[in-house]
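Text of run-v8.tsv (TSV, C-alpha atoms) as supplied:
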```tsv
chain	number	residue	atom	x	y	z
A	1	MET	CA	16.46	18.92	-1.45
A	2	GLY	CA	13.03	17.33	-1.23
A	3	ARG	CA	10.30	18.51	1.10
A	4	ILE	CA	7.77	16.91	3.39
A	5	VAL	CA	4.62	18.76	2.39
A	6	GLY	CA	2.04	16.81	4.34
A	7	ALA	CA	1.83	14.56	7.37
A	8	PHE	CA	-1.27	12.61	8.28
A	9	ALA	CA	-2.25	9.58	10.32
A	10	MET	CA	-5.30	7.37	10.31
A	11	SER	CA	-6.64	3.99	11.32
A	12	HIS	CA	-6.12	1.47	8.55
A	13	VAL	CA	-9.25	-0.63	8.81
A	14	LEU	CA	-12.98	-0.33	8.23
A	15	GLY	CA	-15.81	-2.50	9.46
A	16	SER	CA	-19.40	-3.44	8.89
A	17	PRO	CA	-21.75	-0.45	9.00
A	18	VAL	CA	-24.73	-2.58	10.01
A	19	GLY	CA	-26.29	-1.19	13.16
A	20	LEU	CA	-23.91	1.75	13.38
A	21	GLU	CA	-24.46	3.44	10.05
A	22	GLU	CA	-24.05	7.02	11.28
A	23	GLN	CA	-20.88	6.31	13.21
A	24	ALA	CA	-19.40	4.38	10.29
A	25	GLU	CA	-20.24	7.26	8.00
A	26	ARG	CA	-18.50	9.75	10.28
A	27	VAL	CA	-15.35	7.63	10.10
A	28	PHE	CA	-15.55	7.27	6.34
A	29	GLU	CA	-16.21	10.97	5.82
A	30	GLY	CA	-13.31	11.75	8.14
A	31	MET	CA	-11.02	9.52	6.11
A	32	LYS	CA	-12.16	11.18	2.89
A	33	GLU	CA	-11.59	14.64	4.40
A	34	LEU	CA	-8.09	13.55	5.39
A	35	GLY	CA	-7.56	12.44	1.80
A	36	ARG	CA	-8.70	15.79	0.45
A	37	LYS	CA	-6.28	17.58	2.76
A	38	LEU	CA	-3.47	15.28	1.74
A	39	ARG	CA	-4.08	15.79	-1.96
A	40	ALA	CA	-4.25	19.55	-1.40
A	41	THR	CA	-0.59	19.48	-0.40
A	42	ARG	CA	0.14	18.56	-4.07
A	43	PRO	CA	2.49	15.68	-3.25
A	44	THR	CA	4.54	13.92	-5.87
A	45	LEU	CA	5.08	10.89	-3.65
A	46	LEU	CA	3.29	9.23	-0.73
A	47	VAL	CA	5.22	7.37	1.95
A	48	MET	CA	2.78	5.05	3.70
A	49	ILE	CA	3.99	3.97	7.14
A	50	SER	CA	2.06	0.98	8.42
A	51	SER	CA	2.20	-2.57	9.71
A	52	ASP	CA	1.63	-5.65	7.59
A	53	HIS	CA	-0.59	-8.40	9.03
A	54	LEU	CA	1.75	-11.31	8.34
A	55	ASN	CA	0.55	-11.50	4.76
A	56	ASN	CA	4.01	-10.60	3.46
A	57	PHE	CA	6.25	-11.43	6.38
A	58	SER	CA	7.01	-14.59	8.29
A	59	LEU	CA	7.21	-15.11	12.03
A	60	ASP	CA	10.40	-17.10	11.43
A	61	GLN	CA	12.16	-14.22	9.71
A	62	PRO	CA	11.30	-11.11	11.68
A	63	MET	CA	11.56	-7.85	9.77
A	64	PRO	CA	10.43	-5.24	12.28
A	65	PHE	CA	11.26	-2.45	9.85
A	66	ALA	CA	10.98	-3.02	6.11
A	67	ILE	CA	10.30	-1.26	2.87
A	68	GLY	CA	8.89	-2.28	-0.49
A	69	THR	CA	11.34	-1.63	-3.29
A	70	ALA	CA	9.31	-2.08	-6.45
A	71	ASP	CA	8.08	0.35	-9.09
A	72	GLU	CA	4.71	-1.36	-9.07
A	73	TYR	CA	2.76	-3.41	-6.54
A	74	THR	CA	-0.21	-5.71	-6.89
A	75	PRO	CA	-2.22	-5.46	-3.66
A	76	TYR	CA	-2.79	-8.65	-1.65
A	77	GLY	CA	-6.55	-8.18	-1.88
A	78	ASP	CA	-7.52	-9.11	1.67
A	79	MET	CA	-10.88	-7.79	2.88
A	80	GLY	CA	-12.00	-7.82	-0.74
A	81	LEU	CA	-9.84	-4.82	-1.56
A	82	PRO	CA	-9.13	-4.05	-5.22
A	83	THR	CA	-6.05	-5.72	-6.65
A	84	ASP	CA	-5.40	-3.38	-9.53
A	85	PRO	CA	-1.74	-2.36	-9.40
A	86	ILE	CA	-0.39	0.72	-7.69
A	87	ARG	CA	2.76	2.57	-8.60
A	88	GLY	CA	5.83	2.36	-6.40
A	89	HIS	CA	9.07	4.35	-6.32
A	90	ALA	CA	11.99	1.93	-6.32
A	91	LYS	CA	14.65	4.61	-6.39
A	92	PHE	CA	13.32	6.30	-3.26
A	93	SER	CA	12.82	3.01	-1.45
A	94	THR	CA	16.21	1.48	-2.13
A	95	GLY	CA	17.90	4.82	-1.51
A	96	PHE	CA	16.23	5.17	1.87
A	97	ALA	CA	17.05	1.61	2.91
A	98	THR	CA	20.71	2.24	2.05
A	99	PHE	CA	20.69	5.60	3.83
A	100	ALA	CA	19.19	4.03	6.96
A	101	LYS	CA	21.75	1.23	6.92
A	102	GLU	CA	24.59	3.75	6.63
A	103	HIS	CA	23.19	5.32	9.79
A	104	GLY	CA	23.09	2.02	11.65
A	105	PHE	CA	19.38	1.36	11.22
A	106	ASN	CA	18.26	-1.80	9.50
A	107	VAL	CA	15.32	-1.39	7.14
A	108	HIS	CA	14.81	-4.70	5.35
A	109	THR	CA	14.09	-4.51	1.65
A	110	LEU	CA	11.34	-6.68	0.32
A	111	THR	CA	10.69	-7.96	-3.17
A	112	GLY	CA	7.41	-9.50	-4.26
A	113	LEU	CA	5.50	-7.38	-1.77
A	114	ARG	CA	1.71	-7.39	-2.08
A	115	PRO	CA	0.43	-4.69	0.28
A	116	ASP	CA	-2.49	-5.73	2.47
A	117	HIS	CA	-5.19	-3.60	4.04
A	118	GLY	CA	-2.68	-1.91	6.33
A	119	VAL	CA	-1.53	0.02	3.29
A	120	MET	CA	-4.41	-0.34	0.87
A	121	ILE	CA	-7.32	0.99	2.92
A	122	PRO	CA	-5.59	4.32	3.66
A	123	VAL	CA	-4.08	4.58	0.18
A	124	GLY	CA	-7.33	3.53	-1.45
A	125	ILE	CA	-9.17	6.34	0.29
A	126	VAL	CA	-6.64	9.17	0.12
A	127	ASP	CA	-5.63	8.43	-3.47
A	128	PRO	CA	-8.71	6.84	-5.04
A	129	LYS	CA	-7.55	7.55	-8.61
A	130	ARG	CA	-4.17	5.87	-8.06
A	131	GLU	CA	-2.34	9.06	-9.02
A	132	LEU	CA	0.58	8.91	-6.59
A	133	PRO	CA	3.57	6.61	-6.45
A	134	ILE	CA	3.55	4.88	-3.08
A	135	VAL	CA	6.44	3.86	-0.84
A	136	PRO	CA	5.25	1.22	1.64
A	137	LEU	CA	7.37	1.61	4.78
A	138	TYR	CA	6.67	-1.01	7.40
A	139	VAL	CA	6.75	-0.72	11.16
A	140	ASN	CA	5.75	-4.31	11.75
A	141	THR	CA	4.21	-4.47	15.18
A	142	VAL	CA	3.01	-8.06	14.70
A	143	TYR	CA	6.34	-9.29	16.02
A	144	THR	CA	7.36	-9.93	19.58
A	145	PRO	CA	9.33	-7.95	20.42
A	146	ALA	CA	7.72	-5.26	18.33
A	147	PRO	CA	9.51	-2.18	17.06
A	148	THR	CA	9.81	0.23	19.95
A	149	PRO	CA	8.61	3.82	20.11
A	150	GLN	CA	12.22	4.96	20.40
A	151	GLU	CA	13.22	3.04	17.27
A	152	SER	CA	10.14	4.23	15.42
A	153	TRP	CA	10.85	7.84	16.30
A	154	ARG	CA	14.39	7.43	15.00
A	155	LEU	CA	13.10	5.89	11.78
A	156	GLY	CA	11.01	9.01	11.25
A	157	GLY	CA	14.04	11.21	11.82
A	158	LEU	CA	16.03	9.29	9.27
A	159	LEU	CA	13.19	9.61	6.80
A	160	ARG	CA	13.17	13.38	7.27
A	161	GLU	CA	16.95	13.56	6.75
A	162	TYR	CA	16.81	11.36	3.67
A	163	ILE	CA	14.09	13.43	2.05
A	164	SER	CA	15.84	16.70	2.73
A	165	GLU	CA	19.36	15.54	1.84
A	166	HIS	CA	18.86	13.04	-0.97
A	167	CYS	CA	15.62	13.70	-2.81
A	168	PRO	CA	15.41	16.05	-5.78
A	169	ALA	CA	14.28	19.59	-5.12
A	170	ASP	CA	10.96	19.08	-6.84
A	171	GLU	CA	10.05	16.02	-4.76
A	172	ARG	CA	7.07	16.85	-2.58
A	173	VAL	CA	6.54	14.03	-0.10
A	174	ALA	CA	3.37	13.35	1.82
A	175	LEU	CA	3.61	11.04	4.81
A	176	LEU	CA	0.71	8.94	5.99
A	177	ALA	CA	0.82	6.70	9.05
A	178	GLY	CA	-1.70	3.89	9.30
A	179	GLY	CA	-2.98	1.79	12.17
A	180	GLY	CA	-4.31	2.06	15.70
A	181	LEU	CA	-5.57	3.46	17.78
A	182	SER	CA	-6.35	1.25	20.75
A	183	HIS	CA	-7.54	-2.21	19.86
A	184	TRP	CA	-7.26	-5.75	21.04
A	185	LEU	CA	-7.46	-8.28	18.23
A	186	GLY	CA	-7.52	-12.08	18.27
A	187	VAL	CA	-7.35	-12.09	22.06
A	188	PRO	CA	-10.00	-12.38	24.80
A	189	GLU	CA	-10.11	-8.59	25.24
A	190	GLU	CA	-11.18	-8.10	21.61
A	191	GLY	CA	-13.84	-5.42	21.41
A	192	ARG	CA	-12.29	-3.28	24.10
A	193	VAL	CA	-11.46	0.29	23.11
A	194	ASN	CA	-9.64	2.70	25.42
A	195	GLU	CA	-11.03	6.04	24.31
A	196	ALA	CA	-9.34	7.97	27.12
A	197	TRP	CA	-5.93	6.66	26.06
A	198	ASP	CA	-6.64	7.33	22.39
A	199	ARG	CA	-7.57	10.92	23.09
A	200	TRP	CA	-4.54	11.40	25.33
A	201	PHE	CA	-2.27	10.02	22.58
A	202	MET	CA	-3.75	12.30	19.95
A	203	ASN	CA	-3.61	15.32	22.25
A	204	VAL	CA	0.11	14.78	22.81
A	205	LEU	CA	0.65	14.68	19.06
A	206	ALA	CA	-1.63	17.66	18.44
A	207	GLU	CA	0.43	19.72	20.87
A	208	GLY	CA	3.59	18.91	18.96
A	209	LYS	CA	4.97	16.83	21.80
A	210	GLY	CA	5.44	13.58	19.92
A	211	ALA	CA	9.00	13.31	21.22
A	212	GLY	CA	7.52	12.38	24.57
A	213	LEU	CA	5.75	9.43	23.01
A	214	SER	CA	9.10	8.04	21.92
A	215	ARG	CA	9.77	7.42	25.60
A	216	LEU	CA	6.80	5.11	25.95
A	217	ASP	CA	7.57	1.43	26.01
A	218	ASN	CA	5.64	-1.30	24.30
A	219	GLU	CA	4.61	-2.92	27.57
A	220	GLN	CA	2.77	0.26	28.49
A	221	ILE	CA	1.16	0.53	25.07
A	222	LEU	CA	0.17	-3.13	25.17
A	223	ALA	CA	-1.51	-2.67	28.54
A	224	ASP	CA	-3.27	0.58	27.67
A	225	ALA	CA	-4.03	0.19	23.97
A	226	GLY	CA	-3.83	-3.53	23.25
A	227	ASN	CA	-1.87	-5.72	20.89
A	228	GLY	CA	-3.32	-3.88	17.91
A	229	GLY	CA	-2.57	-0.60	19.64
A	230	LEU	CA	1.12	-1.26	19.11
A	231	GLU	CA	0.45	0.02	15.61
A	232	VAL	CA	0.69	3.52	17.04
A	233	ASN	CA	4.41	3.07	16.55
A	234	SER	CA	3.72	4.03	12.92
A	235	TRP	CA	2.21	7.28	14.19
A	236	ILE	CA	5.28	7.83	16.36
A	237	ALA	CA	7.53	7.28	13.34
A	238	LEU	CA	5.52	9.87	11.48
A	239	ALA	CA	5.87	12.30	14.36
A	240	GLY	CA	9.61	11.68	14.32
A	241	ALA	CA	9.68	12.85	10.72
A	242	VAL	CA	7.97	16.15	11.59
A	243	PRO	CA	9.21	16.85	15.13
A	244	GLY	CA	7.45	19.68	16.89
A	245	ALA	CA	4.65	19.89	14.34
A	246	THR	CA	1.28	20.51	15.91
A	247	GLY	CA	-1.81	18.90	14.54
A	248	GLU	CA	-5.52	18.36	14.76
A	249	CYS	CA	-7.83	15.44	15.17
A	250	LEU	CA	-9.98	15.12	12.06
A	251	PHE	CA	-12.18	12.34	13.41
A	252	TYR	CA	-12.44	9.96	16.31
A	253	GLU	CA	-14.95	7.23	16.99
A	254	ALA	CA	-14.65	4.43	19.53
A	255	ILE	CA	-16.20	1.45	17.79
A	256	PRO	CA	-16.13	-1.75	19.87
A	257	ALA	CA	-17.97	-3.60	17.07
A	258	TRP	CA	-14.93	-2.97	14.88
A	259	ALA	CA	-12.64	-3.61	17.86
A	260	SER	CA	-10.97	-0.27	17.24
A	261	GLY	CA	-10.55	3.30	18.25
A	262	MET	CA	-10.94	4.85	14.80
A	263	ALA	CA	-9.01	8.07	14.32
A	264	GLY	CA	-7.45	10.45	11.85
A	265	MET	CA	-5.11	13.39	12.30
A	266	ALA	CA	-3.54	16.09	10.16
A	267	PHE	CA	-0.31	17.84	11.13
A	268	HIS	CA	0.52	21.48	10.51
A	269	LEU	CA	3.74	21.96	8.62
A	270	ASP	CA	5.43	25.29	7.92
B	1	MET	CA	1.37	-17.55	26.42
B	2	PRO	CA	2.31	-21.13	25.48
B	3	ALA	CA	4.13	-22.03	22.29
B	4	PRO	CA	1.65	-22.93	19.56
B	5	PRO	CA	1.13	-26.61	18.74
B	6	HIS	CA	3.55	-28.04	16.24
B	7	GLY	CA	2.71	-27.24	12.65
B	8	VAL	CA	-0.07	-24.73	13.26
B	9	HIS	CA	1.85	-21.58	12.38
B	10	PRO	CA	3.48	-23.18	9.30
B	11	LEU	CA	0.02	-24.38	8.24
B	12	ILE	CA	-1.49	-20.92	8.48
B	13	GLU	CA	1.50	-19.33	6.74
B	14	HIS	CA	1.01	-21.86	3.95
B	15	LEU	CA	-2.63	-20.83	3.61
B	16	ILE	CA	-1.64	-17.17	3.46
B	17	ARG	CA	0.59	-17.97	0.49
B	18	THR	CA	-1.79	-20.51	-1.06
B	19	PRO	CA	-5.35	-19.21	-0.89
B	20	GLY	CA	-6.59	-22.11	-3.02
B	21	ASP	CA	-5.98	-24.51	-0.13
B	22	ARG	CA	-8.12	-22.59	2.35
B	23	GLY	CA	-11.23	-24.49	1.30
B	24	LEU	CA	-9.70	-27.62	2.80
B	25	ILE	CA	-10.27	-26.19	6.25
B	26	ARG	CA	-13.98	-26.82	5.82
B	27	THR	CA	-13.92	-29.88	3.58
B	28	SER	CA	-10.89	-31.92	4.64
B	29	PRO	CA	-9.05	-30.32	7.53
B	30	ASP	CA	-7.21	-33.52	8.37
B	31	VAL	CA	-5.46	-33.34	5.01
B	32	LEU	CA	-3.95	-30.06	6.16
B	33	PHE	CA	-3.34	-31.24	9.71
B	34	ASP	CA	-1.57	-34.37	8.47
B	35	ARG	CA	0.55	-32.43	5.99
B	36	PHE	CA	1.83	-30.11	8.71
B	37	GLY	CA	1.97	-32.65	11.52
B	38	VAL	CA	-0.56	-30.92	13.75
B	39	PRO	CA	-1.00	-33.04	16.90
B	40	GLU	CA	-4.34	-34.73	17.55
B	41	ALA	CA	-4.85	-32.78	20.76
B	42	ALA	CA	-5.03	-29.49	18.87
B	43	ARG	CA	-7.20	-30.59	15.98
B	44	GLU	CA	-10.61	-30.40	17.62
B	45	VAL	CA	-9.91	-26.90	18.89
B	46	LEU	CA	-8.88	-25.86	15.40
B	47	ARG	CA	-12.02	-27.41	13.93
B	48	THR	CA	-14.56	-25.97	16.35
B	49	GLY	CA	-12.91	-23.64	18.83
B	50	GLY	CA	-13.49	-19.95	19.18
B	51	ARG	CA	-11.09	-17.06	19.46
B	52	ASP	CA	-10.28	-17.60	23.11
B	53	ASP	CA	-9.72	-21.33	22.65
B	54	LEU	CA	-7.25	-20.67	19.85
B	55	HIS	CA	-5.59	-17.96	21.89
B	56	ARG	CA	-5.09	-20.40	24.75
B	57	LEU	CA	-3.26	-22.71	22.35
B	58	GLY	CA	-0.67	-19.99	21.85
B	59	ILE	CA	-1.58	-19.16	18.27
B	60	HIS	CA	-0.52	-15.69	17.13
B	61	PRO	CA	-3.52	-13.33	17.41
B	62	ASN	CA	-3.28	-12.36	13.77
B	63	PHE	CA	-3.36	-16.01	12.78
B	64	VAL	CA	-6.33	-16.60	15.08
B	65	ILE	CA	-8.29	-14.01	13.14
B	66	LYS	CA	-7.28	-15.48	9.76
B	67	TRP	CA	-8.07	-19.04	10.80
B	68	LEU	CA	-11.51	-18.11	12.07
B	69	ILE	CA	-12.34	-16.14	8.92
B	70	TRP	CA	-11.30	-19.01	6.66
B	71	SER	CA	-13.20	-21.46	8.87
B	72	GLY	CA	-16.42	-19.47	8.56
B	73	ARG	CA	-16.36	-18.42	12.22
B	74	PRO	CA	-15.19	-14.78	12.01
B	75	THR	CA	-15.17	-12.70	15.15
B	76	MET	CA	-16.54	-9.72	13.23
B	77	PRO	CA	-19.21	-9.71	10.53
B	78	PHE	CA	-18.31	-9.67	6.87
B	79	PHE	CA	-19.05	-6.52	4.90
B	80	PRO	CA	-18.40	-5.63	1.28
B	81	ILE	CA	-15.57	-3.11	1.07
B	82	ASP	CA	-17.41	-1.53	-1.85
B	83	TYR	CA	-19.92	-0.16	0.63
B	84	TYR	CA	-17.20	2.41	1.23
B	85	PHE	CA	-14.90	2.20	-1.77
B	86	ALA	CA	-17.65	2.77	-4.32
B	87	ARG	CA	-18.13	6.20	-2.72
B	88	ARG	CA	-14.52	7.37	-2.45
```
If you took the structure in this file and wrote it as structure tokens, what would it be?
Amino acid sequence: MGRIVGAFAMSHVLGSPVGLEEQAERVFEGMKELGRKLRATRPTLLVMISSDHLNNFSLDQPMPFAIGTADEYTPYGDMGLPTDPIRGHAKFSTGFATFAKEHGFNVHTLTGLRPDHGVMIPVGIVDPKRELPIVPLYVNTVYTPAPTPQESWRLGGLLREYISEHCPADERVALLAGGGLSHWLGVPEEGRVNEAWDRWFMNVLAEGKGAGLSRLDNEQILADAGNGGLEVNSWIALAGAVPGATGECLFYEAIPAWASGMAGMAFHLD
Amino acid sequence: MPAPPHGVHPLIEHLIRTPGDRGLIRTSPDVLFDRFGVPEAAREVLRTGGRDDLHRLGIHPNFVIKWLIWSGRPTMPFFPIDYYFARR
């Protein structure tokens, strides 16, 4: 049986440092520290849970939950991100999609995937030498209706079961959720950040009470954390994979100029 | 939120898949608008409107951001990702 050896979550964007150099540096250093902690768990595989930004998915063919199934990916290259290939893990990906389907949960498989910044900023920072195979697992909150917290929590549970029941004993899996925290993007409220909500959300996770977040509904999240804040469903999926795990906030900065509550967390696993 | 004007979402999805056509937004937008049947009433907003104008048209927020970046009217300033990635 495989093991989840690390669980982490972080915002999946960066912004211009001009005029806020110190704050930007605190975020970047926090992301790098998260990466060091992740690598210290000696993973053999990284499952990256995030949302795409409609660079790989169409509004006409909603795929609220999806997974890349290739052994190699060429990044999309948005935001000027490097496009040198990253390794995938087709066997894990296709196996998990099948496992989820057998349990009544539809995880669409995707060929030709070119991961955008939702995957590539976190992966680029936590694995700068491209040493780990990556499984891009999508909780696509760009759709209306978006994946719900309850569904996302269940996805995480299925991921835990799959890793423990179907992965080889020497598979050491690190999980990384990307996105959030509160942000309003492409709407009149853009630039608003709800720091109080962000800190509440992280405190619930840090106390190991992520199950409670699965009872949120997207209308509440939308009102409190914005359309971009729906990306916290990736964090809830992560929490569903490590239920009861406590954690710590590694960094938090409210940055209206980036239209985001920028955060990172590490979870404590036995 | 209203439904977006005809052709706008397909147009933007085309530009996502075909980056080489994005330059037409600045040089010959009507070529794109004609190809996707974008109604006249929406064209001026697409050419000159800001985030909130595009939002009022019913365009998906993610597409609003993309359109404004490609049009040279981003809502947030450009920065080189290497500012960070060169120091990973």
Give me, as a PyMOL selection string, the contact residues of chain B against chain A at a cut-off of 9 Å, counting only C-alpha atoms.
-> chain B and resi 9+13+16-17+51-52+54-55+60-65+75-85+88
Please indicate the distance in Å from CA of Thr41 in chain A to CA of Ala7 in chain A, rounded to one decimal place.
->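 Value for the CA of Thr41 in chain A-CA of Ala7 in chain A distance: 9.5 Å.
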Write out as a PyMOL selection string the residues lying within 10 Å of Pro4 in chain B, counting only C-alpha atoms and excluding same-chain residues fewer than 2 positions away.
-> chain B and resi 1-2+6-9+42+54-60
Distance query Ala66 in chain A at most 8 Å, all atoms listed in the file, self and fewer than 5 positions along chain excluded, as a list in words =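 After dropping sequence-adjacent residues, the list is Val107, His108, Thr109, Leu110, Leu137, Tyr138, Val139 and Asn140 of chain A.
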Can you tell me, as a list in words, what residues are no more than 8 Å from Gly180 in chain A when counting only C-alpha atoms, ignoring any on the same chain fewer than 2 positions away?
->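 So the residues in contact are Met10, Ser11, His12, Gly178, Ser182, His183, Gly228, Gly229, Leu230, Glu231, Val232, Ser260, Gly261, Met262 and Ala263 of chain A.
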Coordinates-based distance that separates CA of Thr48 in chain B from CA of Ile12 in chain B (Å, one decimal) |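 Taking CA of Ile12 in chain B and CA of Thr48 in chain B, their separation equals 16.1 Å.
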Write out as a PyMOL selection string which residues come within 9 Å of Arg43 in chain B when counting all atoms listed in the file, dropping same-chain ones fewer than 4 positions away.
-> chain B and resi 29-30+33+38-39+47-48
Selected residue of minimal separation from Pro243 in chain A among A:Asp198, A:Asp270, A:Asp170, A:Glu131, counting only C-alpha atoms |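 Of the candidates, the smallest distance to Pro243 in chain A is held by A:Asp270.
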In Å, with one decimal, what is the gap from CA of Asp78 in chain A to CA of Pro115 in chain A?
->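 Those two atoms sit 9.2 Å apart.
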Box in all listed atoms of range 1-19 of chain B, axis-aligned, with 6 Å more on each side; write out centre and edge lengths in Å to one decimal as lines of an AutoDock Vina configuration file.
```
center_x = -0.6
center_y = -22.6
center_z = 12.7
size_x = 21.5
size_y = 22.9
size_z = 39.5
```
Close residues, Lys209 in chain A itself excluded, 9 Å, all atoms listed in the file, min 2 positions apart in chain, as a list of chain:residue names |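 Final neighbour list, sorted by chain and number: A:Asn203, A:Val204, A:Leu205, A:Ala206, A:Glu207, A:Ala211, A:Gly212, A:Leu213, A:Ala239, A:Pro243, A:Gly244, A:Ala245, A:Thr246.
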Which residue out of B:Val31, B:Gly49, B:Leu24, B:Gly37 has the minimum interatomic distance to Pro10 in chain B when all atoms listed in the file are used?
->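 Closest residue, counting all atoms listed in the file: B:Gly37.
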Expected residue set, 12 Å radius at (16.6, 6.5, 14.4), all atoms listed in the file, as number ranges by chain = A: 65, 99-107, 147-162, 214, 236-238, 240-241
